[in-house]
Amino acid sequence: MNIKLLAIGKTDNKSLQTLIDDYTKRLSFYIKFDLEVIPDIKNVKNLSQSQQKEKEGELILSKLSPTDQLILLDENGSTFSSVGFSDYLQKKMNAGIKTLVFVIGGPYGFSEEVYKKSQGKISLSAMTFSHQMVRLFVIEQFYRGFTILRNEPYHHQ
């Protein structure tokens, strides 16, 4: 199985990007992982929230292949403990999914078309985080999940 993380907009904080790169490198020892950044929409001041979500949605959907399974990082999604998330990843691998695609949406969430195409929603927390920080958190949780599955000493109960 491959994991792809799609995110809207680049990370402009160099310290955060260094940590994202570190966990991406660590994760590569366990699974093929890609972080793909979709450029910010231009001229958003001229667009309504709905129009911005539609344009971002078109870009997100254009990045998917027919066999991809789409999971949205969404405040109304299921929540997991780290061990529960590792079990979730194991079930997805056991199901024979070729590519599991997680998406961090833009500031206003996802378009209806993206919601319709998705096969699940996960919430990292009831709190709101910057989209840049969420990238680090989710990549670290992928890494943590695989260390749990391998009984490696990164995660402590």
# chains A, B, ... in the order shown; residues from 1 in each chain; ligands from 1
>>> residues_around(residues="Leu16 in chain A", least_positions_apart="5", cutoff="10 Å", atoms="only C-alpha atoms", output="compact mmCIF listing (two decimals) with N, CA, C and O atoms, in the first residue's frame")
# COMPACT_ATOMS: atom_id res chain seq x y z
N THR A 11 3.94 25.23 2.81
CA THR A 11 4.32 25.54 4.18
C THR A 11 5.40 26.62 4.13
O THR A 11 6.46 26.41 3.56
N ASP A 21 9.81 17.29 6.87
CA ASP A 21 10.79 16.53 6.09
C ASP A 21 11.40 15.40 6.91
O ASP A 21 11.60 14.30 6.39
N ASP A 22 11.66 15.65 8.19
CA ASP A 22 12.23 14.63 9.07
C ASP A 22 11.28 13.44 9.21
O ASP A 22 11.68 12.28 9.04
N GLN A 132 -0.88 24.09 8.12
CA GLN A 132 0.54 23.74 8.05
C GLN A 132 0.92 22.80 9.19
O GLN A 132 1.66 21.84 8.97
N MET A 133 0.40 23.05 10.38
CA MET A 133 0.73 22.18 11.52
C MET A 133 0.09 20.80 11.37
O MET A 133 0.67 19.80 11.75
N ARG A 135 -0.24 19.07 8.78
CA ARG A 135 0.65 18.22 7.96
C ARG A 135 1.64 17.47 8.83
O ARG A 135 1.82 16.28 8.69
N LEU A 136 2.29 18.22 9.72
CA LEU A 136 3.25 17.60 10.62
C LEU A 136 2.56 16.57 11.51
O LEU A 136 3.05 15.44 11.66
>>> closest_atom_pairs(of="range 63-104 of chain A", to="range 140-151 of chain A", cutoff="10 Å", atoms="only C-alpha atoms", output="tab-separated table")
residue	atom	partner	partner_atom	distance
A:Ser81	CA	A:Gln141	CA	9.9
A:Ser82	CA	A:Gly145	CA	6.4
A:Val83	CA	A:Gly145	CA	6.8
A:Gly84	CA	A:Gly145	CA	8.6
A:Phe85	CA	A:Gly145	CA	6.4
A:Ser86	CA	A:Gly145	CA	4.2
A:Asp87	CA	A:Leu149	CA	7.8
A:Tyr88	CA	A:Gly145	CA	9.0
A:Leu89	CA	A:Gly145	CA	7.4
A:Gln90	CA	A:Leu149	CA	7.7
>>> closest_atom_pairs(of="range 76-133 of chain A", to="range 43-56 of chain A", cutoff="9 Å", atoms="only C-alpha atoms", output="Markdown table")
| residue | atom | partner | partner_atom | distance |
| --- | --- | --- | --- | --- |
| A:Gly105 | CA | A:Glu56 | CA | 7.8 |
| A:Gly106 | CA | A:Glu56 | CA | 7.2 |
| A:Pro107 | CA | A:Lys53 | CA | 8.7 |
| A:Tyr108 | CA | A:Gln49 | CA | 6.5 |
| A:Gly109 | CA | A:Lys53 | CA | 6.7 |
| A:Phe110 | CA | A:Lys53 | CA | 5.7 |
| A:Ser111 | CA | A:Lys53 | CA | 5.0 |
| A:Glu112 | CA | A:Glu54 | CA | 8.0 |
| A:Glu113 | CA | A:Glu54 | CA | 8.1 |
| A:Val114 | CA | A:Glu54 | CA | 8.9 |
>>> write_last_selection(atoms="C-alpha atoms", output="tab-separated table (two decimals), in the first residue's frame")
chain	number	residue	atom	x	y	z
A	105	GLY	CA	-8.52	20.84	2.75
A	106	GLY	CA	-8.39	24.59	2.46
A	107	PRO	CA	-9.56	27.07	5.11
A	108	TYR	CA	-13.27	26.47	4.42
A	109	GLY	CA	-13.23	22.70	4.17
A	110	PHE	CA	-14.24	20.55	1.21
A	111	SER	CA	-16.64	20.85	-1.69
A	112	GLU	CA	-19.69	18.57	-1.90
A	113	GLU	CA	-18.05	16.67	-4.79
A	114	VAL	CA	-15.03	15.85	-2.60
>>> closest_residue(among="A:Lys10, A:Ile139, A:Glu58, A:Glu36", to="Thr24 in chain A", atoms="only C-alpha atoms")
A:Ile139
>>> select_by_dssp(residues="range 17-72 of chain A", states="strand (DSSP E or B)", output="short mmCIF file (atom, residue, chain, number, x, y, z; two decimals) with N, CA, C and O atoms, in the first residue's frame")
data_model
loop_
_atom_site.label_atom_id
_atom_site.label_comp_id
_atom_site.auth_asym_id
_atom_site.auth_seq_id
_atom_site.Cartn_x
_atom_site.Cartn_y
_atom_site.Cartn_z
N LYS A 32 5.70 3.46 1.18
CA LYS A 32 5.88 4.51 0.17
C LYS A 32 4.91 5.63 0.52
O LYS A 32 3.70 5.42 0.62
N PHE A 33 5.47 6.82 0.73
CA PHE A 33 4.68 7.97 1.17
C PHE A 33 5.00 9.17 0.30
O PHE A 33 6.17 9.45 0.02
N ASP A 34 3.96 9.89 -0.11
CA ASP A 34 4.13 11.13 -0.87
C ASP A 34 3.31 12.23 -0.24
O ASP A 34 2.14 12.02 0.07
N LEU A 35 3.93 13.39 -0.07
CA LEU A 35 3.22 14.60 0.32
C LEU A 35 3.14 15.45 -0.93
O LEU A 35 4.16 15.81 -1.51
N GLU A 36 1.93 15.72 -1.39
CA GLU A 36 1.74 16.53 -2.59
C GLU A 36 1.02 17.81 -2.20
O GLU A 36 -0.07 17.77 -1.63
N VAL A 37 1.64 18.93 -2.51
CA VAL A 37 1.07 20.24 -2.18
C VAL A 37 0.36 20.79 -3.41
O VAL A 37 0.94 20.87 -4.50
N ILE A 38 -0.90 21.12 -3.23
CA ILE A 38 -1.69 21.75 -4.29
C ILE A 38 -1.56 23.26 -4.09
O ILE A 38 -1.83 23.77 -2.99
N GLN A 69 -8.27 5.25 -2.53
CA GLN A 69 -9.28 5.40 -1.51
C GLN A 69 -9.04 6.75 -0.82
O GLN A 69 -7.95 7.02 -0.33
N LEU A 70 -10.07 7.60 -0.81
CA LEU A 70 -9.95 8.98 -0.35
C LEU A 70 -10.47 9.11 1.08
O LEU A 70 -11.61 8.78 1.37
N ILE A 71 -9.61 9.63 1.97
CA ILE A 71 -9.95 9.88 3.36
C ILE A 71 -9.72 11.36 3.64
O ILE A 71 -8.64 11.89 3.39
N LEU A 72 -10.74 12.02 4.16
CA LEU A 72 -10.65 13.46 4.43
C LEU A 72 -10.28 13.70 5.88
O LEU A 72 -10.81 13.06 6.79
#
>>> select_by_dssp(residues="range 21-131 of chain A", states="helix (DSSP H, G or I)", output="PyMOL selection string")
chain A and resi 21-27+44-46+49-62+82-94+112-117+131
